[in-house]
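*Asks:* Here's a structure for you.
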Amino acid sequence: DLSQYIRDIPDFPKPGILFKDITPLLSNPDAFQESVRRLTERYQNEGIDAVAAAEARGFLFAAPLALVLHKPLVPLRKPGKLPYRTHHLAYDLETAGARVLVVDDLLATGGTMAAACHLVKKAGGVVAGCCVLVELEFLKGRELLQPHAVFSILRY
């Protein structure tokens with residue numbers, strides 16, 4: 001049960017917000033490995049060409065997932081954080097139509113992941129799906145990501 005490794009922090013970053021802290025999961029190698037295993041199991045036969053993630057916590061799950069799937073990692077960063085030619089994307093996708101899995105640690109309102117999907121499409125890729133460790137269902141971020149399929153390991 002990976003939910004036991006998610007710590008609730010009330011009133012952060014402001015009163016009334018219940019922050020879902022993933023650091024206990026990250027500090028437990030077995031729990032972290034299990035979360036990556038579950039993501040891998042879900043996507044290993046989906047014809048993924050690359051794994052993309054929004055900075056910074058998305059990198060924590062996308063990097064090991066990309067390694068296990070043996071696919072390129074596309075880091076999505078804020079403007080001005082990369083020195084090379086950009087498309088507001090870490091690099092142009094090698095092949096037009098590449099199937100890209102978009103990864104983050106948490107899905108709340110969906111804004112970050114929607115922006116990541118937009119960047120993948122702008123670079124010529126196809127969003128193969130969106131996946132997260134934690135989804136805050138009551139914020140309905142999944143709706144903003146339609147028509148893309150969303151996979152979450154833990155839902156609150």
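Every chain in the structure tokens has a letter given in the order shown (A, B, ...), and although residue numbers restart at 1 in each chain, ligands are simply numbered from 1 in the order shown.
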List the neighbours of Phe19 in chain A out to 6 Å using only C-alpha atoms; skip same-chain residues closer than 2 positions along the sequence, and give me the result as number ranges by chain.
*Replies:* A: 8-9, 12
*Asks:* For the alpha helix (DSSP H) assignment from backbone DSSP, which residues of chain A qualify? Please present them as a VMD selection string.
*Replies:* chain A and resid 23 to 26 29 to 43 57 to 69 111 to 122 141 to 144
*Asks:* So what do you get for CA of Gly124 in chain A versus CA of Glu41 in chain A, distance-wise?
*Replies:*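 Calculated distance between CA of Gly124 in chain A and CA of Glu41 in chain A is 26.3 Å.
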*Asks:* From the DSSP assignment of the backbone, select every residue of range 38-145 of chain A that is strand (DSSP E), and format the answer as an MDAnalysis selection string.
*Replies:* chainID A and resid 50:54 73:76 99:107 126:135
*Asks:* Show me, as a list in words, the residues that have an atom within 9 Å of Gly141 in chain A when counting only C-alpha atoms, minus same-chain residues fewer than 6 positions from it.
*Replies:*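 Here the answer would be Leu107, Ala108, Thr109, Gly110, Gly111, Met113, Ala114 and Glu135 of chain A.
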*Asks:* In Å, how far is it from CA of Ala52 in chain A to CA of Gln146 in chain A?
*Replies:* 17.8 Å
*Asks:* Counting only C-alpha atoms, figure out which residue out of A:Lys121, A:Pro10, A:Val127, A:Leu133 gets nearest to Leu39 in chain A.
*Replies:*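 For Leu39 in chain A, the nearest of the candidates is A:Leu133.
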*Asks:* Fewer than 4 positions away in the same chain doesn't count, so skip those; otherwise give me all residues within 7 Å of Leu65 in chain A, counting only C-alpha atoms, as a ChimeraX atom specification.
*Replies:* /A:36,40,61,69
*Asks:* Could you write those residues out with all heavy atoms, as a PDB file, in the first residue's frame?
*Replies:*
```
ATOM      1  N   VAL A  36       7.696   2.922  -9.437  1.00  0.00           N
ATOM      2  CA  VAL A  36       8.259   2.872 -10.793  1.00  0.00           C
ATOM      3  C   VAL A  36       7.860   1.558 -11.476  1.00  0.00           C
ATOM      4  O   VAL A  36       7.534   1.538 -12.664  1.00  0.00           O
ATOM      5  CB  VAL A  36       9.788   3.060 -10.774  1.00  0.00           C
ATOM      6  CG1 VAL A  36      10.390   2.839 -12.154  1.00  0.00           C
ATOM      7  CG2 VAL A  36      10.144   4.461 -10.252  1.00  0.00           C
ATOM      8  N   THR A  40       5.891   1.241 -14.973  1.00  0.00           N
ATOM      9  CA  THR A  40       6.496   0.441 -16.043  1.00  0.00           C
ATOM     10  C   THR A  40       5.529  -0.628 -16.527  1.00  0.00           C
ATOM     11  O   THR A  40       5.342  -0.811 -17.731  1.00  0.00           O
ATOM     12  CB  THR A  40       7.798  -0.225 -15.548  1.00  0.00           C
ATOM     13  OG1 THR A  40       8.696   0.790 -15.110  1.00  0.00           O
ATOM     14  CG2 THR A  40       8.448  -1.043 -16.644  1.00  0.00           C
ATOM     15  N   PHE A  61      10.199  10.606 -11.284  1.00  0.00           N
ATOM     16  CA  PHE A  61       9.524   9.391 -11.724  1.00  0.00           C
ATOM     17  C   PHE A  61       9.786   9.104 -13.200  1.00  0.00           C
ATOM     18  O   PHE A  61       9.877   7.950 -13.601  1.00  0.00           O
ATOM     19  CB  PHE A  61       8.019   9.485 -11.435  1.00  0.00           C
ATOM     20  CG  PHE A  61       7.751   9.516  -9.967  1.00  0.00           C
ATOM     21  CD1 PHE A  61       7.670  10.723  -9.296  1.00  0.00           C
ATOM     22  CD2 PHE A  61       7.649   8.346  -9.247  1.00  0.00           C
ATOM     23  CE1 PHE A  61       7.486  10.763  -7.924  1.00  0.00           C
ATOM     24  CE2 PHE A  61       7.462   8.369  -7.875  1.00  0.00           C
ATOM     25  CZ  PHE A  61       7.381   9.587  -7.214  1.00  0.00           C
ATOM     26  N   LEU A  69      12.124   1.503 -19.379  1.00  0.00           N
ATOM     27  CA  LEU A  69      11.498   1.311 -20.685  1.00  0.00           C
ATOM     28  C   LEU A  69      12.510   1.429 -21.827  1.00  0.00           C
ATOM     29  O   LEU A  69      12.191   1.132 -22.968  1.00  0.00           O
ATOM     30  CB  LEU A  69      10.378   2.342 -20.896  1.00  0.00           C
ATOM     31  CG  LEU A  69       9.146   2.205 -20.004  1.00  0.00           C
ATOM     32  CD1 LEU A  69       8.190   3.370 -20.254  1.00  0.00           C
ATOM     33  CD2 LEU A  69       8.450   0.878 -20.219  1.00  0.00           C
TER      34      LEU A  69
END
```
